[in-house]
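Taking it in order: structure first as structure tokens, then the write-up.
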Amino acid sequence: MTTTFDTTLDTGATSLLRFATAGSVDDGKSTLVGRLLHDSKSVLSDQLEAVEHASRSRGQQAPDLALLTDGLRAEREQGITIDVAYRYFATPRRRFILADTPGHVQYTRNMVTGASTAELAVVLVDARNGVVEQTRRHAAVAALLRVPHVVLAVNKMDLVDYAEPVFAAIAEEFTAYAASLGVPEITAIPISALTGDNVVTPAASMDWYGGPTVLEHLETVAVVADPSRDPARFPVQVVIRPQTPEHPDYRGYAGQISSGVLRVGEAVTVLPSGRTSTITGIDALGRGVDVAWAPQSVTLRLADDLDVSRGDLIAPSAGAPAATRDIEATVCHVADRPLRAGDRVLLKHTTRTVKAIVKDIPSRLTLDDLSQHPAPGELAANEIGRVVVRTAEPLALDAYADSRRTGSFLLIDPADGTTLTAGMAGAAFASSRPGVQADDNADSGWDF
């Protein structure tokens with residue numbers, strides 16, 4: 001029997017798309033975002049008045065729509081994006097969370113932050129310049145983060161007389177490069193963010209293009225996957241023991257299902273202990289249900305009184321991940337102080353935080369040409385590399401390629417709680433080979 005899953009909690013709700021934008025400096029990324037918000041009528045009147053006033057004070061006749069997203073004073077003064085700007089808007093067909101990420105190489109960590117939860121990335125290219133090094137960096141970051149959909153927006157077509165051969169050459173070069181990194185879906189769209197051509201409304205000046213506008217593609221791209229295709233993962237957030245007269249023996253494990261489907265009667269394993277039990281009940285929104293799926297927040301009840309606490313992972317016994325203390329991963333270092341082999345850190349994976357040590361940094365990745373520099377010794381801010389980490393306690397990680405939720409982790413400074421590094425377990429790119437194995441004998445620092 002085939003079960004159909006309605007992944008919206010409200011039948012009247014529209015689907016949600018999280019997407020990120022990226023582009024080199026002066027490619028017009030903030031203008032594109034501003035145009036998208038303006039033409040989709042997602043800008044409040046007072047916001048537009050503020051932009052018009054700021055534009056006039058700078059001697060501009062028309063409103064500079066880039067100011068809708070460049071919120072920092074330094075951004076407006078320099079005309080660049082520095083921080084990740086989140087914008088929320090909606091159309092009758094879909095709701096959106098937009099992360100406008102910086103384009104400069106020194107803000108690579110900001111792009112990683114903005115794109116880490118994105119289901120689609122819009123990469124801008126100036127039609128006059130074509131694919132440049134920073135374009136390749138953005139494509140590489142999208143591939144590293146396993147963003148499933150990438151849009152190539154070839155901007156400033158008005159400055160190349162809307163020439164189809166210019167667009168075709170850029171689209172062919174970028175598509176070949178992104179496909180070689182394992183990006184599964186690439187859509188190229190010629191646009192002019194300044195005039196609004198092909199952003200929300202089709203451009204009469206580019207009648208040779210028969211594809212969707214940017215907004216049309218954002219509204220129609222498939223983002224709701226069948227949860228039954230993914231292995232079920234349930235990180236425990238809190239144990240519920242009310243011990244009231246109404247519920248004297250109630251013991252439930254609450255959290256959000258990261259992936260897959262859980263059913264009453266299913267045999268499950270609690271990790272990292274490896275103890276097994278059976279789901280006897282699932283409580284969702286105050287009532288019992290027989291089936292629950294990602295990303296619902298639920299409370300599970302098990303047949304046995306097991307020692308289960310925050311940070312444990314509940315998974316079907318038939319497809320439970322293996323617990324390990326040695327983790328090989330690709331990481332992006334986000335802190336200002338370098339990450340070095342031997343550093344003592346905390347590793348946060350889903351709801352579990354454990355002590356760990358950086359055993360080795362086998363290589364550093366250069367995004368310009370995707371070359372690997374062996375044994376760099378350390379990773380500085382914005383650098384991406386391979387690391388080997390040993391944890392004090394076993395963790396149940398999936399490969400990041402299989403699950404972006406349970407394959408990702410953070411390295412944290414144990415002294416002050418600062419986030420140091422964002423990690424993705426397993427191989428770097430879809431076509432790359434696994435990294436160096438951990439050396440159990442090379443123990444320096446914490447004794448695990």
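If you're wondering about the labels, chains in the structure tokens are A, B, ... by order shown, residues count from 1 in each chain, ligands from 1 in order shown.
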Give me every strand (DSSP E) residue in range 197-289 of chain A, going by DSSP on the backbone, as number ranges by chain. A: 234-235, 238-240, 252-256, 261-263, 267-271, 275-284, 287-289
Report as a Markdown table the residues of range 257-311 of chain A within 12 Å of range 226-237 of chain A, each with its shortest atom pair and distance in Å (one decimal), using only C-alpha atoms, ordered by chain and increasing residue number.
```
| residue | atom | partner | partner_atom | distance |
| --- | --- | --- | --- | --- |
| A:Ile257 | CA | A:Phe234 | CA | 4.7 |
| A:Ser258 | CA | A:Arg233 | CA | 5.5 |
| A:Ser259 | CA | A:Ala232 | CA | 5.1 |
| A:Gly260 | CA | A:Ala232 | CA | 3.8 |
| A:Val261 | CA | A:Ala232 | CA | 5.4 |
| A:Leu262 | CA | A:Ala232 | CA | 6.5 |
| A:Arg263 | CA | A:Ala232 | CA | 10.0 |
| A:Glu266 | CA | A:Ala232 | CA | 11.1 |
| A:Ala267 | CA | A:Ala232 | CA | 11.8 |
| A:Val268 | CA | A:Ala232 | CA | 9.9 |
| A:Thr269 | CA | A:Arg233 | CA | 10.4 |
| A:Val270 | CA | A:Phe234 | CA | 9.5 |
| A:Leu271 | CA | A:Pro235 | CA | 9.4 |
| A:Pro272 | CA | A:Pro235 | CA | 11.3 |
| A:Val291 | CA | A:Ser228 | CA | 11.0 |
| A:Ala292 | CA | A:Pro227 | CA | 9.8 |
| A:Trp293 | CA | A:Pro227 | CA | 6.5 |
| A:Ala294 | CA | A:Pro227 | CA | 6.5 |
| A:Pro295 | CA | A:Pro227 | CA | 9.0 |
| A:Gln296 | CA | A:Phe234 | CA | 10.2 |
| A:Ser297 | CA | A:Phe234 | CA | 9.6 |
| A:Val298 | CA | A:Phe234 | CA | 9.5 |
| A:Thr299 | CA | A:Val236 | CA | 9.1 |
| A:Leu300 | CA | A:Val236 | CA | 9.3 |
| A:Arg301 | CA | A:Val236 | CA | 11.7 |
| A:Asp307 | CA | A:Val236 | CA | 12.0 |
| A:Val308 | CA | A:Val236 | CA | 8.1 |
| A:Ser309 | CA | A:Val236 | CA | 6.8 |
| A:Arg310 | CA | A:Gln237 | CA | 5.0 |
| A:Gly311 | CA | A:Val236 | CA | 5.6 |
```
Surrounding residues of Val200 in chain A excluding itself and chain neighbours under 5 positions, 10 Å, only C-alpha atoms, as JSON, numbers by chain: {"A": [35, 36, 37, 38, 39, 40, 191, 193, 212, 213, 214, 215, 216, 217]}
File of the preceding selection, N, CA and C atoms, as a PDB file, in the first residue's frame:
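The resulting selection.pdb:
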```
ATOM      1  N   ARG A  35      14.642  44.701  -6.372  1.00  0.00           N
ATOM      2  CA  ARG A  35      13.677  44.649  -7.468  1.00  0.00           C
ATOM      3  C   ARG A  35      12.669  43.529  -7.243  1.00  0.00           C
ATOM      4  N   LEU A  36      13.137  42.393  -6.774  1.00  0.00           N
ATOM      5  CA  LEU A  36      12.254  41.262  -6.517  1.00  0.00           C
ATOM      6  C   LEU A  36      11.222  41.612  -5.447  1.00  0.00           C
ATOM      7  N   LEU A  37      11.677  42.268  -4.383  1.00  0.00           N
ATOM      8  CA  LEU A  37      10.757  42.669  -3.315  1.00  0.00           C
ATOM      9  C   LEU A  37       9.797  43.762  -3.795  1.00  0.00           C
ATOM     10  N   HIS A  38      10.335  44.727  -4.544  1.00  0.00           N
ATOM     11  CA  HIS A  38       9.515  45.851  -4.999  1.00  0.00           C
ATOM     12  C   HIS A  38       8.451  45.405  -5.998  1.00  0.00           C
ATOM     13  N   ASP A  39       8.855  44.661  -7.012  1.00  0.00           N
ATOM     14  CA  ASP A  39       7.918  44.298  -8.070  1.00  0.00           C
ATOM     15  C   ASP A  39       6.927  43.230  -7.637  1.00  0.00           C
ATOM     16  N   SER A  40       7.257  42.476  -6.575  1.00  0.00           N
ATOM     17  CA  SER A  40       6.295  41.503  -6.049  1.00  0.00           C
ATOM     18  C   SER A  40       5.409  42.138  -4.978  1.00  0.00           C
ATOM     19  N   ILE A 191      18.643  38.504 -17.162  1.00  0.00           N
ATOM     20  CA  ILE A 191      17.852  39.519 -16.475  1.00  0.00           C
ATOM     21  C   ILE A 191      18.529  40.891 -16.555  1.00  0.00           C
ATOM     22  N   ALA A 193      18.344  43.603 -13.498  1.00  0.00           N
ATOM     23  CA  ALA A 193      17.743  43.963 -12.214  1.00  0.00           C
ATOM     24  C   ALA A 193      17.385  45.440 -12.166  1.00  0.00           C
ATOM     25  N   PRO A 212      11.281  30.789 -17.641  1.00  0.00           N
ATOM     26  CA  PRO A 212      10.566  31.531 -16.591  1.00  0.00           C
ATOM     27  C   PRO A 212      11.320  32.776 -16.148  1.00  0.00           C
ATOM     28  N   THR A 213      10.610  33.701 -15.523  1.00  0.00           N
ATOM     29  CA  THR A 213      11.267  34.803 -14.837  1.00  0.00           C
ATOM     30  C   THR A 213      11.845  34.267 -13.523  1.00  0.00           C
ATOM     31  N   VAL A 214      12.614  35.100 -12.847  1.00  0.00           N
ATOM     32  CA  VAL A 214      13.200  34.662 -11.573  1.00  0.00           C
ATOM     33  C   VAL A 214      12.096  34.313 -10.579  1.00  0.00           C
ATOM     34  N   LEU A 215      11.103  35.192 -10.420  1.00  0.00           N
ATOM     35  CA  LEU A 215      10.039  34.929  -9.451  1.00  0.00           C
ATOM     36  C   LEU A 215       9.225  33.709  -9.848  1.00  0.00           C
ATOM     37  N   GLU A 216       8.941  33.561 -11.138  1.00  0.00           N
ATOM     38  CA  GLU A 216       8.168  32.396 -11.572  1.00  0.00           C
ATOM     39  C   GLU A 216       8.891  31.103 -11.243  1.00  0.00           C
ATOM     40  N   HIS A 217      10.214  31.095 -11.436  1.00  0.00           N
ATOM     41  CA  HIS A 217      10.976  29.894 -11.109  1.00  0.00           C
ATOM     42  C   HIS A 217      10.980  29.645  -9.601  1.00  0.00           C
TER      43      HIS A 217
END
```
List as a ChimeraX atom specification the protein and nucleic acid residues near range 327-331 of chain A, meaning an atom at most 10 Å away when only C-alpha atoms are counted, but skip any in the same chain fewer than 6 places from it. /A:144-145,358-365,379,382-391,394-395,397,399-400,407-411,421-429,434-438
Report, in Å to a single decimal, how far apart CA of Ala85 in chain A and CA of Asp100 in chain A are.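 Between CA of Asp100 in chain A and CA of Ala85 in chain A the gap works out to 5.0 Å.
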Residues near Ser116 in chain A, cut-off 9 Å, only C-alpha atoms, skip fewer than 4 positions along chain, as an NGL selection string: :A and (111-112 or 142 or 145-147 or 404)
Selected residue, from A:Asn155, A:Thr91, A:Thr113, A:Thr187, that lies nearest to Asp26 in chain A when counting only C-alpha atoms: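 Nearest to Asp26 in chain A: A:Asn155.
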Who sits within 9 Å of Gly28 in chain A, only C-alpha atoms, same chain under 6 positions skipped, as number ranges by chain: A: 66, 124-126, 155-156, 192-194
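For the set A:Thr195, A:Thr135, A:Thr220, A:Thr101, the residue with the smallest atom-to-atom gap to Leu152 in chain A is A:Thr135, counting only C-alpha atoms.
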Taking 2 positions as the minimum chain separation for residues in the same chain, which residues sit within 12 Å of range 412-419 of chain A when counting only C-alpha atoms? Answer as a PDB file with N, CA, C and O atoms, in the first residue's frame.
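Wrote out.pdb, looks like this:
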```pdb
ATOM      1  N   ARG A 109      32.504  33.126   4.851  1.00  0.00           N
ATOM      2  CA  ARG A 109      31.815  32.507   5.987  1.00  0.00           C
ATOM      3  C   ARG A 109      30.372  32.987   6.078  1.00  0.00           C
ATOM      4  O   ARG A 109      29.488  32.241   6.513  1.00  0.00           O
ATOM      5  N   THR A 113      26.965  30.671   6.000  1.00  0.00           N
ATOM      6  CA  THR A 113      25.885  30.797   6.974  1.00  0.00           C
ATOM      7  C   THR A 113      24.541  30.950   6.282  1.00  0.00           C
ATOM      8  O   THR A 113      23.565  30.273   6.622  1.00  0.00           O
ATOM      9  N   CYS A 332      34.148  24.896   7.141  1.00  0.00           N
ATOM     10  CA  CYS A 332      34.421  26.304   6.861  1.00  0.00           C
ATOM     11  C   CYS A 332      34.684  26.976   8.193  1.00  0.00           C
ATOM     12  O   CYS A 332      33.827  26.953   9.089  1.00  0.00           O
ATOM     13  N   HIS A 333      35.879  27.555   8.331  1.00  0.00           N
ATOM     14  CA  HIS A 333      36.232  28.191   9.587  1.00  0.00           C
ATOM     15  C   HIS A 333      35.667  29.604   9.609  1.00  0.00           C
ATOM     16  O   HIS A 333      35.930  30.403   8.700  1.00  0.00           O
ATOM     17  N   VAL A 334      34.889  29.925  10.635  1.00  0.00           N
ATOM     18  CA  VAL A 334      34.182  31.202  10.674  1.00  0.00           C
ATOM     19  C   VAL A 334      34.720  32.164  11.727  1.00  0.00           C
ATOM     20  O   VAL A 334      34.379  33.342  11.714  1.00  0.00           O
ATOM     21  N   ALA A 335      35.549  31.693  12.642  1.00  0.00           N
ATOM     22  CA  ALA A 335      36.070  32.559  13.707  1.00  0.00           C
ATOM     23  C   ALA A 335      37.304  33.310  13.232  1.00  0.00           C
ATOM     24  O   ALA A 335      37.987  32.898  12.295  1.00  0.00           O
ATOM     25  N   ASP A 336      37.604  34.407  13.905  1.00  0.00           N
ATOM     26  CA  ASP A 336      38.775  35.202  13.539  1.00  0.00           C
ATOM     27  C   ASP A 336      40.078  34.511  13.945  1.00  0.00           C
ATOM     28  O   ASP A 336      41.078  34.630  13.248  1.00  0.00           O
ATOM     29  N   ARG A 337      40.059  33.805  15.072  1.00  0.00           N
ATOM     30  CA  ARG A 337      41.285  33.094  15.455  1.00  0.00           C
ATOM     31  C   ARG A 337      41.369  31.785  14.687  1.00  0.00           C
ATOM     32  O   ARG A 337      40.348  31.133  14.435  1.00  0.00           O
ATOM     33  N   PRO A 338      42.576  31.344  14.297  1.00  0.00           N
ATOM     34  CA  PRO A 338      42.718  30.150  13.460  1.00  0.00           C
ATOM     35  C   PRO A 338      42.317  28.873  14.199  1.00  0.00           C
ATOM     36  O   PRO A 338      42.330  28.801  15.428  1.00  0.00           O
ATOM     37  N   LEU A 339      41.969  27.856  13.417  1.00  0.00           N
ATOM     38  CA  LEU A 339      41.737  26.506  13.930  1.00  0.00           C
ATOM     39  C   LEU A 339      42.991  25.690  13.655  1.00  0.00           C
ATOM     40  O   LEU A 339      43.464  25.630  12.518  1.00  0.00           O
ATOM     41  N   ASP A 343      43.647  21.545  18.815  1.00  0.00           N
ATOM     42  CA  ASP A 343      42.710  22.415  19.526  1.00  0.00           C
ATOM     43  C   ASP A 343      41.630  21.589  20.228  1.00  0.00           C
ATOM     44  O   ASP A 343      41.068  20.644  19.657  1.00  0.00           O
ATOM     45  N   ARG A 344      41.341  21.970  21.465  1.00  0.00           N
ATOM     46  CA  ARG A 344      40.250  21.364  22.212  1.00  0.00           C
ATOM     47  C   ARG A 344      38.986  22.177  21.965  1.00  0.00           C
ATOM     48  O   ARG A 344      38.987  23.399  22.117  1.00  0.00           O
ATOM     49  N   VAL A 345      37.929  21.502  21.585  1.00  0.00           N
ATOM     50  CA  VAL A 345      36.698  22.176  21.192  1.00  0.00           C
ATOM     51  C   VAL A 345      35.499  21.421  21.755  1.00  0.00           C
ATOM     52  O   VAL A 345      35.638  20.327  22.308  1.00  0.00           O
ATOM     53  N   LEU A 346      34.336  22.021  21.614  1.00  0.00           N
ATOM     54  CA  LEU A 346      33.074  21.329  21.810  1.00  0.00           C
ATOM     55  C   LEU A 346      32.456  21.100  20.443  1.00  0.00           C
ATOM     56  O   LEU A 346      32.514  21.978  19.577  1.00  0.00           O
ATOM     57  N   LEU A 347      31.883  19.929  20.241  1.00  0.00           N
ATOM     58  CA  LEU A 347      31.230  19.616  18.966  1.00  0.00           C
ATOM     59  C   LEU A 347      29.734  19.510  19.216  1.00  0.00           C
ATOM     60  O   LEU A 347      29.292  18.691  20.033  1.00  0.00           O
ATOM     61  N   LYS A 348      28.964  20.342  18.524  1.00  0.00           N
ATOM     62  CA  LYS A 348      27.499  20.316  18.646  1.00  0.00           C
ATOM     63  C   LYS A 348      26.904  19.664  17.416  1.00  0.00           C
ATOM     64  O   LYS A 348      27.070  20.164  16.296  1.00  0.00           O
ATOM     65  N   HIS A 349      26.214  18.558  17.631  1.00  0.00           N
ATOM     66  CA  HIS A 349      25.540  17.829  16.544  1.00  0.00           C
ATOM     67  C   HIS A 349      24.078  17.658  16.928  1.00  0.00           C
ATOM     68  O   HIS A 349      23.774  17.032  17.941  1.00  0.00           O
ATOM     69  N   THR A 353      25.907  17.921  22.502  1.00  0.00           N
ATOM     70  CA  THR A 353      27.175  18.637  22.543  1.00  0.00           C
ATOM     71  C   THR A 353      28.174  17.817  23.348  1.00  0.00           C
ATOM     72  O   THR A 353      27.889  17.436  24.495  1.00  0.00           O
ATOM     73  N   VAL A 354      29.342  17.524  22.759  1.00  0.00           N
ATOM     74  CA  VAL A 354      30.348  16.692  23.410  1.00  0.00           C
ATOM     75  C   VAL A 354      31.721  17.355  23.283  1.00  0.00           C
ATOM     76  O   VAL A 354      31.950  18.191  22.406  1.00  0.00           O
ATOM     77  N   LYS A 355      32.648  16.970  24.159  1.00  0.00           N
ATOM     78  CA  LYS A 355      34.023  17.421  24.040  1.00  0.00           C
ATOM     79  C   LYS A 355      34.681  16.751  22.845  1.00  0.00           C
ATOM     80  O   LYS A 355      34.373  15.602  22.506  1.00  0.00           O
ATOM     81  N   ALA A 356      35.601  17.454  22.209  1.00  0.00           N
ATOM     82  CA  ALA A 356      36.283  16.894  21.035  1.00  0.00           C
ATOM     83  C   ALA A 356      37.652  17.548  20.898  1.00  0.00           C
ATOM     84  O   ALA A 356      37.952  18.555  21.545  1.00  0.00           O
ATOM     85  N   ILE A 357      38.465  16.952  20.054  1.00  0.00           N
ATOM     86  CA  ILE A 357      39.783  17.495  19.755  1.00  0.00           C
ATOM     87  C   ILE A 357      40.016  17.415  18.253  1.00  0.00           C
ATOM     88  O   ILE A 357      39.613  16.443  17.600  1.00  0.00           O
ATOM     89  N   VAL A 358      40.608  18.447  17.697  1.00  0.00           N
ATOM     90  CA  VAL A 358      40.959  18.447  16.276  1.00  0.00           C
ATOM     91  C   VAL A 358      42.236  17.629  16.121  1.00  0.00           C
ATOM     92  O   VAL A 358      43.319  18.059  16.523  1.00  0.00           O
ATOM     93  N   ALA A 381      40.165  32.411   9.176  1.00  0.00           N
ATOM     94  CA  ALA A 381      38.779  32.795   8.928  1.00  0.00           C
ATOM     95  C   ALA A 381      38.466  32.765   7.437  1.00  0.00           C
ATOM     96  O   ALA A 381      39.273  33.198   6.616  1.00  0.00           O
ATOM     97  N   PHE A 409      27.546  19.804  11.686  1.00  0.00           N
ATOM     98  CA  PHE A 409      27.875  20.039  13.091  1.00  0.00           C
ATOM     99  C   PHE A 409      28.605  21.372  13.218  1.00  0.00           C
ATOM    100  O   PHE A 409      29.004  21.984  12.220  1.00  0.00           O
ATOM    101  N   LEU A 410      28.781  21.817  14.456  1.00  0.00           N
ATOM    102  CA  LEU A 410      29.530  23.026  14.757  1.00  0.00           C
ATOM    103  C   LEU A 410      30.654  22.690  15.725  1.00  0.00           C
ATOM    104  O   LEU A 410      30.482  21.856  16.620  1.00  0.00           O
ATOM    105  N   THR A 421      33.721  26.831  13.847  1.00  0.00           N
ATOM    106  CA  THR A 421      33.775  26.163  12.551  1.00  0.00           C
ATOM    107  C   THR A 421      32.454  25.480  12.258  1.00  0.00           C
ATOM    108  O   THR A 421      31.831  24.930  13.166  1.00  0.00           O
ATOM    109  N   ALA A 422      32.028  25.516  10.995  1.00  0.00           N
ATOM    110  CA  ALA A 422      30.855  24.773  10.536  1.00  0.00           C
ATOM    111  C   ALA A 422      31.332  23.571   9.744  1.00  0.00           C
ATOM    112  O   ALA A 422      32.154  23.708   8.832  1.00  0.00           O
ATOM    113  N   GLY A 423      30.843  22.381  10.105  1.00  0.00           N
ATOM    114  CA  GLY A 423      31.351  21.154   9.498  1.00  0.00           C
ATOM    115  C   GLY A 423      30.298  20.364   8.756  1.00  0.00           C
ATOM    116  O   GLY A 423      29.115  20.392   9.104  1.00  0.00           O
TER     117      GLY A 423
END
```
Could you pull out the residues in range 72-249 of chain A that DSSP calls alpha helix (DSSP H) from the backbone, as number ranges by chain? A: 73-78, 108-115, 133-144, 164-180, 214-220
Quick one: write out the picked residues with C-alpha atoms as a PDB file, in the first residue's frame?
```pdb
ATOM      1  CA  ARG A  73      25.643  51.862   7.381  1.00  0.00           C
ATOM      2  CA  ALA A  74      28.960  50.536   6.077  1.00  0.00           C
ATOM      3  CA  GLU A  75      27.104  48.682   3.322  1.00  0.00           C
ATOM      4  CA  ARG A  76      25.331  51.802   2.145  1.00  0.00           C
ATOM      5  CA  GLU A  77      28.484  53.883   2.260  1.00  0.00           C
ATOM      6  CA  GLN A  78      30.582  51.357   0.324  1.00  0.00           C
ATOM      7  CA  THR A 108      32.863  33.590   2.489  1.00  0.00           C
ATOM      8  CA  ARG A 109      31.815  32.507   5.987  1.00  0.00           C
ATOM      9  CA  ASN A 110      28.744  34.748   5.710  1.00  0.00           C
ATOM     10  CA  MET A 111      27.704  33.038   2.497  1.00  0.00           C
ATOM     11  CA  VAL A 112      28.142  29.642   4.140  1.00  0.00           C
ATOM     12  CA  THR A 113      25.885  30.797   6.974  1.00  0.00           C
ATOM     13  CA  GLY A 114      23.195  32.093   4.631  1.00  0.00           C
ATOM     14  CA  ALA A 115      23.233  29.140   2.236  1.00  0.00           C
ATOM     15  CA  GLU A 133      36.779  33.591  -9.949  1.00  0.00           C
ATOM     16  CA  GLN A 134      34.227  34.684  -7.360  1.00  0.00           C
ATOM     17  CA  THR A 135      31.463  33.115  -9.452  1.00  0.00           C
ATOM     18  CA  ARG A 136      33.306  29.806  -9.295  1.00  0.00           C
ATOM     19  CA  ARG A 137      33.742  30.236  -5.537  1.00  0.00           C
ATOM     20  CA  HIS A 138      30.013  30.729  -5.076  1.00  0.00           C
ATOM     21  CA  ALA A 139      29.233  27.676  -7.202  1.00  0.00           C
ATOM     22  CA  ALA A 140      31.735  25.656  -5.163  1.00  0.00           C
ATOM     23  CA  VAL A 141      30.205  26.765  -1.853  1.00  0.00           C
ATOM     24  CA  ALA A 142      26.727  25.852  -3.131  1.00  0.00           C
ATOM     25  CA  ALA A 143      28.054  22.431  -4.145  1.00  0.00           C
ATOM     26  CA  LEU A 144      29.801  21.922  -0.791  1.00  0.00           C
ATOM     27  CA  GLU A 164      21.519  36.131 -26.817  1.00  0.00           C
ATOM     28  CA  PRO A 165      25.065  34.843 -27.717  1.00  0.00           C
ATOM     29  CA  VAL A 166      26.501  36.603 -24.635  1.00  0.00           C
ATOM     30  CA  PHE A 167      23.966  34.916 -22.378  1.00  0.00           C
ATOM     31  CA  ALA A 168      24.388  31.524 -24.059  1.00  0.00           C
ATOM     32  CA  ALA A 169      28.174  31.543 -23.671  1.00  0.00           C
ATOM     33  CA  ILE A 170      28.006  32.445 -19.971  1.00  0.00           C
ATOM     34  CA  ALA A 171      25.282  29.885 -19.282  1.00  0.00           C
ATOM     35  CA  GLU A 172      27.242  27.134 -21.023  1.00  0.00           C
ATOM     36  CA  GLU A 173      30.465  27.877 -19.111  1.00  0.00           C
ATOM     37  CA  PHE A 174      28.787  28.098 -15.699  1.00  0.00           C
ATOM     38  CA  THR A 175      26.601  25.029 -16.241  1.00  0.00           C
ATOM     39  CA  ALA A 176      29.593  22.893 -17.196  1.00  0.00           C
ATOM     40  CA  TYR A 177      31.557  24.042 -14.149  1.00  0.00           C
ATOM     41  CA  ALA A 178      28.698  23.629 -11.653  1.00  0.00           C
ATOM     42  CA  ALA A 179      27.762  20.224 -13.063  1.00  0.00           C
ATOM     43  CA  SER A 180      31.363  19.061 -12.597  1.00  0.00           C
ATOM     44  CA  VAL A 214      13.200  34.662 -11.573  1.00  0.00           C
ATOM     45  CA  LEU A 215      10.039  34.929  -9.451  1.00  0.00           C
ATOM     46  CA  GLU A 216       8.168  32.396 -11.572  1.00  0.00           C
ATOM     47  CA  HIS A 217      10.976  29.894 -11.109  1.00  0.00           C
ATOM     48  CA  LEU A 218      11.104  30.554  -7.367  1.00  0.00           C
ATOM     49  CA  GLU A 219       7.357  29.993  -7.152  1.00  0.00           C
ATOM     50  CA  THR A 220       7.353  26.731  -9.089  1.00  0.00           C
TER      51      THR A 220
END
```
Work out how far CA of Arg93 in chain A is from CA of Ser205 in chain A, in Å to one decimal.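 CA of Arg93 in chain A lies at a distance of 26.7 Å from CA of Ser205 in chain A.
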